[in-house]
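Engineer: This one is target01.json, JSON, C-alpha atoms.
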[["chain", "number", "residue", "atom", "x", "y", "z"],
["A", 1, "MET", "CA", -53.77, -15.43, 3.89],
["A", 2, "LYS", "CA", -53.22, -11.81, 4.76],
["A", 3, "LYS", "CA", -53.42, -12.63, 8.46],
["A", 4, "ILE", "CA", -50.85, -15.42, 8.08],
["A", 5, "SER", "CA", -48.40, -13.20, 6.21],
["A", 6, "LEU", "CA", -48.91, -10.40, 8.74],
["A", 7, "LEU", "CA", -48.27, -12.85, 11.56],
["A", 8, "ALA", "CA", -45.13, -14.08, 9.82],
["A", 9, "VAL", "CA", -43.84, -10.52, 9.49],
["A", 10, "ILE", "CA", -44.52, -9.79, 13.17],
["A", 11, "VAL", "CA", -42.83, -13.02, 14.29],
["A", 12, "SER", "CA", -39.75, -12.46, 12.12],
["A", 13, "PHE", "CA", -39.53, -8.84, 13.31],
["A", 14, "GLY", "CA", -39.72, -10.04, 16.88],
["A", 15, "PHE", "CA", -36.94, -12.60, 16.33],
["A", 16, "SER", "CA", -34.67, -10.08, 14.64],
["A", 17, "SER", "CA", -35.26, -7.57, 17.44],
["A", 18, "VAL", "CA", -34.39, -10.16, 20.09],
["A", 19, "PHE", "CA", -31.33, -11.23, 18.15],
["A", 20, "SER", "CA", -30.07, -7.70, 17.66],
["A", 21, "TRP", "CA", -30.76, -6.92, 21.32],
["A", 22, "THR", "CA", -28.72, -9.99, 22.29],
["A", 23, "VAL", "CA", -25.86, -8.92, 20.04],
["A", 24, "VAL", "CA", -25.94, -5.35, 21.35],
["A", 25, "THR", "CA", -25.93, -6.33, 25.01],
["A", 26, "ALA", "CA", -22.78, -8.46, 24.48],
["A", 27, "ASP", "CA", -20.83, -5.32, 23.53],
["A", 28, "VAL", "CA", -22.52, -2.78, 25.81],
["A", 29, "VAL", "CA", -20.39, -1.43, 28.62],
["A", 30, "THR", "CA", -22.14, -0.99, 31.96],
["A", 31, "ASP", "CA", -22.14, 2.13, 34.10],
["A", 32, "ALA", "CA", -19.94, 0.41, 36.66],
["A", 33, "GLN", "CA", -17.38, -0.39, 33.97],
["A", 34, "ILE", "CA", -17.51, 3.18, 32.65],
["A", 35, "GLU", "CA", -16.81, 4.45, 36.16],
["A", 36, "ALA", "CA", -13.99, 1.93, 36.59],
["A", 37, "ILE", "CA", -12.43, 3.07, 33.29],
["A", 38, "ARG", "CA", -12.65, 6.72, 34.41],
["A", 39, "THR", "CA", -11.18, 5.94, 37.83],
["A", 40, "HIS", "CA", -8.33, 3.77, 36.62],
["A", 41, "CYS", "CA", -7.67, 5.59, 33.35],
["A", 42, "THR", "CA", -4.06, 6.40, 34.20],
["A", 43, "GLU", "CA", -3.21, 2.83, 35.16],
["A", 44, "ILE", "CA", -4.92, 1.46, 32.06],
["A", 45, "GLN", "CA", -3.05, 3.85, 29.78],
["A", 46, "GLY", "CA", 0.18, 2.87, 31.52],
["A", 47, "SER", "CA", -0.59, -0.80, 30.90],
["A", 48, "LEU", "CA", -1.26, -0.10, 27.23],
["A", 49, "THR", "CA", 2.01, 1.80, 26.89],
["A", 50, "ARG", "CA", 3.97, -1.07, 28.45],
["A", 51, "LEU", "CA", 2.11, -3.58, 26.30],
["A", 52, "LYS", "CA", 2.91, -1.62, 23.13],
["A", 53, "GLN", "CA", 6.59, -1.61, 24.01],
["A", 54, "THR", "CA", 6.79, -5.31, 24.83],
["A", 55, "ASP", "CA", 4.75, -6.25, 21.77],
["A", 56, "THR", "CA", 6.99, -4.11, 19.55],
["A", 57, "LEU", "CA", 10.07, -5.88, 20.89],
["A", 58, "LEU", "CA", 8.39, -9.25, 20.52],
["A", 59, "ARG", "CA", 7.41, -8.40, 16.94],
["A", 60, "VAL", "CA", 10.98, -7.33, 16.06],
["A", 61, "ASN", "CA", 12.48, -10.48, 17.58],
["A", 62, "ARG", "CA", 9.87, -12.74, 16.02],
["A", 63, "GLY", "CA", 10.40, -11.02, 12.68],
["A", 64, "GLN", "CA", 14.15, -11.68, 12.90],
["A", 65, "LEU", "CA", 13.48, -15.30, 13.77],
["A", 66, "TYR", "CA", 10.70, -16.03, 11.27],
["A", 67, "GLN", "CA", 11.99, -14.11, 8.28],
["A", 68, "GLN", "CA", 15.74, -13.67, 8.63],
["A", 69, "ALA", "CA", 16.78, -16.83, 10.46],
["A", 70, "ILE", "CA", 14.25, -19.41, 9.32],
["A", 71, "LEU", "CA", 13.11, -18.25, 5.89],
["A", 72, "ARG", "CA", 16.20, -16.54, 4.46],
["A", 73, "LYS", "CA", 19.03, -18.38, 6.20],
["A", 74, "LEU", "CA", 17.61, -21.89, 6.47],
["A", 75, "MET", "CA", 14.63, -22.73, 4.25],
["A", 76, "THR", "CA", 15.69, -20.83, 1.14],
["A", 77, "PRO", "CA", 19.36, -21.93, 1.10],
["A", 78, "LEU", "CA", 18.40, -25.57, 1.69],
["A", 79, "ASN", "CA", 15.86, -25.43, -1.15],
["A", 80, "GLN", "CA", 18.50, -23.89, -3.43],
["A", 81, "ARG", "CA", 21.05, -26.53, -2.48],
["A", 82, "ILE", "CA", 18.55, -29.31, -3.11],
["A", 83, "ALA", "CA", 17.78, -27.84, -6.54],
["A", 84, "SER", "CA", 21.47, -27.38, -7.44],
["A", 85, "ASN", "CA", 22.08, -31.05, -6.54],
["A", 86, "GLN", "CA", 19.14, -31.97, -8.79],
["A", 87, "LEU", "CA", 17.17, -33.61, -6.02],
["A", 88, "ASP", "CA", 13.43, -33.59, -5.41],
["A", 89, "GLY", "CA", 12.56, -31.00, -2.78],
["A", 90, "SER", "CA", 9.11, -30.08, -4.09],
["A", 91, "GLU", "CA", 7.37, -30.56, -0.75],
["A", 92, "LEU", "CA", 9.92, -28.36, 1.00],
["A", 93, "VAL", "CA", 9.51, -25.68, -1.67],
["A", 94, "ARG", "CA", 5.72, -25.84, -1.35],
["A", 95, "ILE", "CA", 5.87, -25.38, 2.40],
["A", 96, "THR", "CA", 8.37, -22.52, 2.01],
["A", 97, "ALA", "CA", 6.01, -20.69, -0.35],
["A", 98, "GLU", "CA", 3.13, -21.16, 2.07],
["A", 99, "TYR", "CA", 5.33, -19.97, 4.92],
["A", 100, "ASP", "CA", 6.25, -16.83, 2.98],
["A", 101, "ARG", "CA", 2.56, -16.06, 2.44],
["A", 102, "ALA", "CA", 1.81, -16.70, 6.11],
["A", 103, "TYR", "CA", 4.61, -14.34, 7.14],
["A", 104, "LYS", "CA", 3.22, -11.54, 4.94],
["A", 105, "GLN", "CA", -0.16, -12.14, 6.54],
["A", 106, "PHE", "CA", 1.42, -11.96, 10.01],
["A", 107, "PHE", "CA", 3.12, -8.69, 9.07],
["A", 108, "ALA", "CA", -0.18, -7.19, 7.82],
["A", 109, "VAL", "CA", -2.17, -8.33, 10.86],
["A", 110, "TYR", "CA", 0.45, -6.83, 13.18],
["A", 111, "GLN", "CA", 0.10, -3.47, 11.41],
["A", 112, "GLU", "CA", -3.67, -3.57, 11.98],
["A", 113, "TYR", "CA", -3.20, -4.50, 15.63],
["A", 114, "ASP", "CA", -0.65, -1.77, 16.24],
["A", 115, "THR", "CA", -2.90, 0.82, 14.58],
["A", 116, "ALA", "CA", -5.87, -0.30, 16.69],
["A", 117, "LEU", "CA", -3.83, -0.13, 19.90],
["A", 118, "THR", "CA", -2.50, 3.32, 19.00],
["A", 119, "GLU", "CA", -6.05, 4.54, 18.37],
["A", 120, "ALA", "CA", -7.13, 3.26, 21.77],
["A", 121, "GLN", "CA", -4.17, 4.97, 23.45],
["A", 122, "ALA", "CA", -5.01, 8.26, 21.74],
["A", 123, "ILE", "CA", -8.38, 8.50, 23.49],
["A", 124, "ASP", "CA", -8.63, 10.17, 26.88],
["A", 125, "CYS", "CA", -10.39, 7.39, 28.78],
["A", 126, "SER", "CA", -11.35, 9.68, 31.64],
["A", 127, "LYS", "CA", -13.40, 11.85, 29.26],
["A", 128, "GLN", "CA", -14.52, 9.30, 26.65],
["A", 129, "PRO", "CA", -14.68, 5.95, 28.46],
["A", 130, "THR", "CA", -17.24, 4.37, 26.12],
["A", 131, "MET", "CA", -15.29, 5.17, 22.97],
["A", 132, "PHE", "CA", -12.11, 4.02, 24.70],
["A", 133, "TYR", "CA", -13.78, 0.72, 25.59],
["A", 134, "ASP", "CA", -14.90, 0.18, 21.97],
["A", 135, "LYS", "CA", -11.40, 0.89, 20.63],
["A", 136, "LEU", "CA", -9.92, -1.39, 23.27],
["A", 137, "MET", "CA", -12.16, -4.28, 22.24],
["A", 138, "ILE", "CA", -11.17, -3.77, 18.60],
["A", 139, "ALA", "CA", -7.50, -3.88, 19.59],
["A", 140, "ARG", "CA", -8.18, -7.03, 21.59],
["A", 141, "ASP", "CA", -9.77, -8.72, 18.56],
["A", 142, "LYS", "CA", -6.81, -7.69, 16.39],
["A", 143, "ARG", "CA", -4.39, -9.13, 18.93],
["A", 144, "SER", "CA", -6.30, -12.39, 18.89],
["A", 145, "ALA", "CA", -6.03, -12.44, 15.09],
["A", 146, "LEU", "CA", -2.31, -11.77, 15.44],
["A", 147, "HIS", "CA", -1.96, -14.75, 17.75],
["A", 148, "SER", "CA", -3.72, -16.91, 15.14],
["A", 149, "ALA", "CA", -1.36, -15.64, 12.43],
["A", 150, "ASN", "CA", 1.59, -16.47, 14.68],
["A", 151, "ASP", "CA", 0.20, -19.97, 15.28],
["A", 152, "ALA", "CA", -0.04, -20.51, 11.51],
["A", 153, "LEU", "CA", 3.67, -19.70, 11.17],
["A", 154, "VAL", "CA", 4.59, -22.06, 14.00],
["A", 155, "ARG", "CA", 2.60, -24.87, 12.35],
["A", 156, "LEU", "CA", 4.43, -24.34, 9.06],
["A", 157, "VAL", "CA", 7.82, -24.33, 10.81],
["A", 158, "LEU", "CA", 6.98, -27.74, 12.31],
["A", 159, "GLN", "CA", 5.60, -28.95, 8.98],
["A", 160, "TYR", "CA", 8.88, -28.04, 7.27],
["A", 161, "GLN", "CA", 10.80, -29.86, 9.99],
["A", 162, "LYS", "CA", 8.78, -33.02, 9.35],
["A", 163, "ALA", "CA", 9.17, -32.68, 5.57],
["A", 164, "PHE", "CA", 12.93, -32.25, 6.00],
["A", 165, "ASN", "CA", 13.13, -35.36, 8.20],
["A", 166, "ASP", "CA", 11.31, -37.35, 5.50],
["A", 167, "PHE", "CA", 13.63, -35.91, 2.84],
["A", 168, "LYS", "CA", 16.73, -36.76, 4.88],
["A", 169, "LYS", "CA", 15.50, -40.31, 5.50],
["A", 170, "SER", "CA", 14.84, -40.93, 1.81],
["A", 171, "MET", "CA", 18.21, -39.37, 0.88],
["A", 172, "LEU", "CA", 20.15, -41.54, 3.29],
["A", 173, "ASN", "CA", 18.20, -44.65, 2.30],
["A", 174, "SER", "CA", 18.86, -44.10, -1.39],
["A", 175, "SER", "CA", 22.58, -43.44, -0.77],
["A", 176, "GLU", "CA", 22.83, -46.68, 1.29],
["A", 177, "GLU", "CA", 21.12, -48.60, -1.50],
["A", 178, "SER", "CA", 23.43, -47.16, -4.13],
["A", 179, "SER", "CA", 26.55, -47.91, -2.05],
["A", 180, "SER", "CA", 25.43, -51.53, -1.44],
["B", 181, "MET", "CA", 17.04, 61.85, -18.25],
["B", 182, "ILE", "CA", 17.06, 58.14, -17.64],
["B", 183, "ASP", "CA", 19.40, 56.17, -19.82],
["B", 184, "LYS", "CA", 17.88, 53.25, -21.72],
["B", 185, "ASN", "CA", 20.86, 51.11, -20.70],
["B", 186, "GLN", "CA", 20.19, 51.81, -17.04],
["B", 187, "ILE", "CA", 16.54, 50.72, -17.42],
["B", 188, "SER", "CA", 17.65, 47.53, -19.18],
["B", 189, "THR", "CA", 20.20, 46.75, -16.43],
["B", 190, "VAL", "CA", 17.60, 47.23, -13.68],
["B", 191, "ALA", "CA", 15.14, 45.01, -15.54],
["B", 192, "GLN", "CA", 17.79, 42.31, -15.94],
["B", 193, "GLU", "CA", 18.60, 42.45, -12.23],
["B", 194, "ASP", "CA", 14.92, 42.19, -11.35],
["B", 195, "GLY", "CA", 14.64, 39.21, -13.66],
["B", 196, "ARG", "CA", 17.61, 37.48, -12.00],
["B", 197, "ASN", "CA", 16.22, 38.16, -8.54],
["B", 198, "LEU", "CA", 12.86, 36.70, -9.56],
["B", 199, "ARG", "CA", 14.46, 33.58, -11.02],
["B", 200, "PHE", "CA", 16.51, 33.20, -7.85],
["B", 201, "LEU", "CA", 13.35, 33.46, -5.77],
["B", 202, "PHE", "CA", 11.66, 30.80, -7.91],
["B", 203, "LEU", "CA", 14.72, 28.56, -7.56],
["B", 204, "ILE", "CA", 14.67, 28.77, -3.76],
["B", 205, "SER", "CA", 10.89, 28.36, -3.50],
["B", 206, "GLY", "CA", 10.89, 25.46, -5.94],
["B", 207, "SER", "CA", 13.71, 23.70, -4.09],
["B", 208, "ILE", "CA", 11.88, 24.06, -0.77],
["B", 209, "LEU", "CA", 8.65, 22.79, -2.34],
["B", 210, "VAL", "CA", 10.36, 19.76, -3.90],
["B", 211, "GLY", "CA", 12.09, 19.06, -0.57],
["B", 212, "LEU", "CA", 8.77, 19.19, 1.30],
["B", 213, "LEU", "CA", 7.12, 16.89, -1.25],
["B", 214, "LEU", "CA", 9.93, 14.33, -0.96],
["B", 215, "VAL", "CA", 9.79, 14.43, 2.85],
["B", 216, "ALA", "CA", 6.00, 13.91, 2.72],
["B", 217, "ALA", "CA", 6.45, 10.96, 0.36],
["B", 218, "ALA", "CA", 9.16, 9.41, 2.56],
["B", 219, "LEU", "CA", 7.05, 9.84, 5.69],
["B", 220, "SER", "CA", 4.04, 8.31, 3.97],
["B", 221, "LEU", "CA", 6.12, 5.28, 2.92],
["B", 222, "TYR", "CA", 7.53, 5.00, 6.45],
["B", 223, "ILE", "CA", 4.01, 4.79, 7.88],
["B", 224, "THR", "CA", 2.29, 2.65, 5.24],
["B", 225, "SER", "CA", 5.12, 0.11, 4.85],
["B", 226, "GLY", "CA", 4.94, -0.82, 8.54],
["B", 227, "ALA", "CA", 8.48, 0.36, 9.27],
["B", 228, "GLU", "CA", 7.16, 2.83, 11.84],
["B", 229, "GLN", "CA", 5.80, 0.01, 13.97],
["B", 230, "LEU", "CA", 9.14, -1.80, 14.01],
["B", 231, "ASP", "CA", 11.29, 1.27, 14.54],
["B", 232, "LEU", "CA", 13.17, 0.98, 17.83],
["B", 233, "SER", "CA", 15.16, 4.16, 17.31],
["B", 234, "ARG", "CA", 12.68, 6.30, 19.24],
["B", 235, "PRO", "CA", 13.96, 7.60, 22.62],
["B", 236, "SER", "CA", 11.29, 5.71, 24.60],
["B", 237, "TYR", "CA", 12.55, 2.41, 23.15],
["B", 238, "ALA", "CA", 16.17, 2.80, 24.27],
["B", 239, "GLU", "CA", 16.00, -0.17, 26.66],
["B", 240, "LEU", "CA", 14.26, -2.35, 24.09],
["B", 241, "ARG", "CA", 17.02, -1.77, 21.51],
["B", 242, "GLU", "CA", 19.46, -3.66, 23.69],
["B", 243, "GLN", "CA", 17.08, -6.58, 24.01],
["B", 244, "ALA", "CA", 16.42, -6.88, 20.28],
["B", 245, "THR", "CA", 18.17, -9.83, 18.62],
["B", 246, "LYS", "CA", 20.72, -9.04, 15.94],
["B", 247, "SER", "CA", 20.22, -10.73, 12.60],
["B", 248, "ASP", "CA", 23.96, -10.80, 11.78],
["B", 249, "GLU", "CA", 24.76, -13.17, 14.65],
["B", 250, "PHE", "CA", 23.17, -16.18, 12.95],
["B", 251, "LYS", "CA", 25.10, -17.34, 9.87],
["B", 252, "GLY", "CA", 22.60, -19.90, 8.63],
["B", 253, "PHE", "CA", 23.02, -22.70, 6.11],
["B", 254, "SER", "CA", 25.06, -22.43, 2.95],
["B", 255, "ASN", "CA", 23.17, -22.62, -0.35],
["B", 256, "THR", "CA", 26.10, -24.18, -2.22],
["B", 257, "GLY", "CA", 27.81, -27.53, -1.98],
["B", 258, "SER", "CA", 26.80, -31.14, -2.00],
["B", 259, "LEU", "CA", 24.05, -32.61, 0.15],
["B", 260, "ASN", "CA", 25.75, -35.44, 1.98],
["B", 261, "LYS", "CA", 25.00, -36.82, 5.42],
["B", 262, "SER", "CA", 27.07, -34.23, 7.29],
["B", 263, "ALA", "CA", 25.41, -31.33, 5.44],
["B", 264, "LEU", "CA", 21.97, -32.70, 6.27],
["B", 265, "GLU", "CA", 22.94, -33.14, 9.89],
["B", 266, "GLU", "CA", 24.31, -29.63, 9.99],
["B", 267, "PHE", "CA", 21.03, -28.25, 8.67],
["B", 268, "GLU", "CA", 19.04, -30.41, 11.06],
["B", 269, "LYS", "CA", 20.98, -29.05, 14.03],
["B", 270, "LEU", "CA", 20.57, -25.41, 12.93],
["B", 271, "TYR", "CA", 16.87, -25.82, 12.15],
["B", 272, "ASN", "CA", 16.04, -27.68, 15.36],
["B", 273, "GLU", "CA", 17.61, -24.86, 17.38],
["B", 274, "ARG", "CA", 15.34, -22.36, 15.62],
["B", 275, "VAL", "CA", 12.32, -24.61, 16.16],
["B", 276, "GLU", "CA", 13.13, -24.57, 19.86],
["B", 277, "ASP", "CA", 13.18, -20.74, 19.79],
["B", 278, "VAL", "CA", 9.87, -20.64, 17.93],
["B", 279, "THR", "CA", 8.01, -23.07, 20.17],
["B", 280, "SER", "CA", 9.41, -21.94, 23.52],
["B", 281, "VAL", "CA", 7.33, -18.74, 23.50],
["B", 282, "ASP", "CA", 3.59, -18.43, 22.83],
["B", 283, "ALA", "CA", 3.91, -15.05, 21.12],
["B", 284, "PHE", "CA", 0.89, -12.73, 21.53],
["B", 285, "GLY", "CA", -0.89, -15.56, 23.32],
["B", 286, "GLN", "CA", -1.96, -13.96, 26.58],
["B", 287, "ASP", "CA", -5.24, -12.09, 26.57],
["B", 288, "VAL", "CA", -3.75, -8.98, 28.13],
["B", 289, "LEU", "CA", -6.38, -6.70, 26.64],
["B", 290, "SER", "CA", -9.32, -8.49, 28.20],
["B", 291, "THR", "CA", -11.52, -6.61, 30.64],
["B", 292, "GLU", "CA", -10.42, -9.02, 33.36],
["B", 293, "SER", "CA", -6.72, -8.33, 32.77],
["B", 294, "LEU", "CA", -7.31, -4.57, 32.85],
["B", 295, "GLN", "CA", -9.72, -4.94, 35.79],
["B", 296, "ILE", "CA", -12.57, -3.18, 34.05],
["B", 297, "ASP", "CA", -14.87, -6.20, 33.87],
["B", 298, "GLN", "CA", -18.22, -6.01, 35.65],
["B", 299, "LYS", "CA", -17.03, -7.89, 38.74],
["B", 300, "SER", "CA", -13.89, -5.78, 39.24],
["B", 301, "ALA", "CA", -15.82, -2.59, 38.47],
["B", 302, "GLU", "CA", -18.42, -3.36, 41.15],
["B", 303, "ALA", "CA", -15.70, -4.25, 43.68],
["B", 304, "SER", "CA", -13.89, -1.01, 42.87],
["B", 305, "ALA", "CA", -17.11, 1.00, 43.25],
["B", 306, "GLN", "CA", -17.78, -0.59, 46.66],
["B", 307, "ALA", "CA", -14.23, 0.08, 47.80],
["B", 308, "THR", "CA", -14.44, 3.77, 46.92],
["B", 309, "ALA", "CA", -17.99, 4.24, 48.19],
["B", 310, "PRO", "CA", -18.25, 6.53, 51.23]]
Before we go any further, please render this structure as structure tokens.
Structural biologist:
Amino acid sequence: MKKISLLAVIVSFGFSSVFSWTVVTADVVTDAQIEAIRTHCTEIQGSLTRLKQTDTLLRVNRGQLYQQAILRKLMTPLNQRIASNQLDGSELVRITAEYDRAYKQFFAVYQEYDTALTEAQAIDCSKQPTMFYDKLMIARDKRSALHSANDALVRLVLQYQKAFNDFKKSMLNSSEESSS
Amino acid sequence: MIDKNQISTVAQEDGRNLRFLFLISGSILVGLLLVAAALSLYITSGAEQLDLSRPSYAELREQATKSDEFKGFSNTGSLNKSALEEFEKLYNERVEDVTSVDAFGQDVLSTESLQIDQKSAEASAQATAP
């Protein structure tokens, strides 16, 4: 019994070691990469600076589109007009609430991404290439999360479009029925 | 012989000077605290990341869309066919803007994009080798 339990401990230790080794090697930067980072540090920092500027502009324009144009000047006024005409716009209201939450999430994720990118830019990659690489990968993950948050907003915009089309169809059908 | 009135006058002047000093110091301290609070809000609220007023963003300011240009849909009035069609037209134009760009889609921070992946690094090392 003792031998079996000892064997089980050894086997599980071996598995966990292999697993952790596998996880570590996926994130480990090689010597060649370290040298490449040191050599091309200036170009990489330049790329990050340009990326930060374009992403800032993209964020501002997307913010204007998602929040000002779509949420405040289209969804909300339509929902209010539907309510003031005592019509059923519950589905549109539901999607609007979900859209508002998704926009706040997008805003928060962008802050995290921008912070991560700024932290990467602050490191001198010629002197600390490994730390720079780690910060860069974090920024990359945050950007991927930002893309997902953006996709969620796009899906909700299309969902609202479909819900509006259904609403319009039912409205026009009921007005035709009442006129006939 | 020193007059008692003279001593009292000097003491009063000293008192006024001290109060004046406290007033100035207190005002500066309150000002610094308010500036620190404003700066903290500026950073934590996310406004810093969207601020295009910095000198390095001068070109980007011109490219930023203005929110006043788009009037939107009115929240008052009846909902007849023409109103619904008006909304549909406005909304479809915005949908076109949303779907025409895959925002933040490109993997520009990948090692391949920055040419620091293993393959590029080895090629670079061979190119610079003596």
Engineer: List the neighbours of region 276-279 of chain B out to 9 Å using only C-alpha atoms; skip same-chain residues closer than 6 positions along the sequence, and give me the result as a ChimeraX atom specification.
Structural biologist: /A:62,65-66,154,157
Engineer: Counting all atoms listed in the file, which residues of chain A come no farther than 8 Å from chain B, as a count of residues only?
Structural biologist: 49
Engineer: When you draw a straight line from CA of Ile204 (chain B) to CA of Ala216 (chain B), how long is it in Å?
Structural biologist: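 Taking CA of Ile204 (chain B) and CA of Ala216 (chain B), their separation equals 18.4 Å.
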Engineer: Excluding Lys135 (chain A) and residues on its chain fewer than 5 positions from it, collect all residues at most 7 Å away from it, counting only C-alpha atoms, and give them as a list in words.
Structural biologist: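 The residues that qualify are Ala116, Glu119 and Ala120 of chain A.
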Engineer: Between CA of Lys104 (chain A) and CA of Ser220 (chain B), what is the distance, to one decimal in Å?
Structural biologist: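 Interatomic distance, CA of Lys104 (chain A) to CA of Ser220 (chain B): 19.9 Å.
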Engineer: Could you tell me how far CA of Leu87 (chain A) sits from CA of Lys162 (chain A), in Å to one decimal place?
Structural biologist: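 Result for CA of Lys162 (chain A) versus CA of Leu87 (chain A): 17.5 Å, one decimal.
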Engineer: Please complete region 28-52 of chain A so it has N, CA and C atoms, and hand it over as a CSV table (one decimal), keeping the file's coordinate frame.
Structural biologist:
chain,number,residue,atom,x,y,z
A,28,VAL,N,-22.2,-4.0,25.1
A,28,VAL,CA,-22.5,-2.8,25.8
A,28,VAL,C,-21.7,-2.8,27.1
A,29,VAL,N,-21.2,-1.6,27.4
A,29,VAL,CA,-20.4,-1.4,28.6
A,29,VAL,C,-21.3,-0.9,29.7
A,30,THR,N,-21.2,-1.4,30.9
A,30,THR,CA,-22.1,-1.0,32.0
A,30,THR,C,-21.6,0.3,32.6
A,31,ASP,N,-22.5,0.9,33.4
A,31,ASP,CA,-22.1,2.1,34.1
A,31,ASP,C,-21.0,1.9,35.1
A,32,ALA,N,-21.0,0.7,35.7
A,32,ALA,CA,-19.9,0.4,36.7
A,32,ALA,C,-18.6,0.3,35.9
A,33,GLN,N,-18.6,-0.3,34.8
A,33,GLN,CA,-17.4,-0.4,34.0
A,33,GLN,C,-16.9,1.0,33.5
A,34,ILE,N,-17.9,1.8,33.1
A,34,ILE,CA,-17.5,3.2,32.6
A,34,ILE,C,-16.8,3.9,33.8
A,35,GLU,N,-17.4,3.8,35.0
A,35,GLU,CA,-16.8,4.4,36.2
A,35,GLU,C,-15.4,3.9,36.5
A,36,ALA,N,-15.3,2.6,36.3
A,36,ALA,CA,-14.0,1.9,36.6
A,36,ALA,C,-12.9,2.4,35.6
A,37,ILE,N,-13.4,2.6,34.3
A,37,ILE,CA,-12.4,3.1,33.3
A,37,ILE,C,-12.0,4.5,33.6
A,38,ARG,N,-13.0,5.3,34.1
A,38,ARG,CA,-12.6,6.7,34.4
A,38,ARG,C,-11.7,6.7,35.6
A,39,THR,N,-12.0,5.9,36.6
A,39,THR,CA,-11.2,5.9,37.8
A,39,THR,C,-9.8,5.4,37.6
A,40,HIS,N,-9.7,4.4,36.8
A,40,HIS,CA,-8.3,3.8,36.6
A,40,HIS,C,-7.7,4.1,35.3
A,41,CYS,N,-8.1,5.2,34.7
A,41,CYS,CA,-7.7,5.6,33.4
A,41,CYS,C,-6.1,5.6,33.3
A,42,THR,N,-5.5,6.2,34.2
A,42,THR,CA,-4.1,6.4,34.2
A,42,THR,C,-3.4,5.0,34.2
A,43,GLU,N,-3.8,4.1,35.1
A,43,GLU,CA,-3.2,2.8,35.2
A,43,GLU,C,-3.4,2.0,33.9
A,44,ILE,N,-4.6,2.2,33.3
A,44,ILE,CA,-4.9,1.5,32.1
A,44,ILE,C,-4.0,2.0,30.9
A,45,GLN,N,-3.9,3.3,30.8
A,45,GLN,CA,-3.0,3.8,29.8
A,45,GLN,C,-1.6,3.4,30.0
A,46,GLY,N,-1.2,3.3,31.2
A,46,GLY,CA,0.2,2.9,31.5
A,46,GLY,C,0.4,1.4,31.1
A,47,SER,N,-0.6,0.6,31.3
A,47,SER,CA,-0.6,-0.8,30.9
A,47,SER,C,-0.5,-0.9,29.4
A,48,LEU,N,-1.3,-0.1,28.7
A,48,LEU,CA,-1.3,-0.1,27.2
A,48,LEU,C,0.1,0.3,26.7
A,49,THR,N,0.7,1.3,27.3
A,49,THR,CA,2.0,1.8,26.9
A,49,THR,C,3.0,0.7,27.1
A,50,ARG,N,3.0,0.0,28.2
A,50,ARG,CA,4.0,-1.1,28.4
A,50,ARG,C,3.7,-2.2,27.5
A,51,LEU,N,2.5,-2.5,27.2
A,51,LEU,CA,2.1,-3.6,26.3
A,51,LEU,C,2.6,-3.3,24.9
A,52,LYS,N,2.5,-2.0,24.5
A,52,LYS,CA,2.9,-1.6,23.1
A,52,LYS,C,4.4,-1.8,23.0
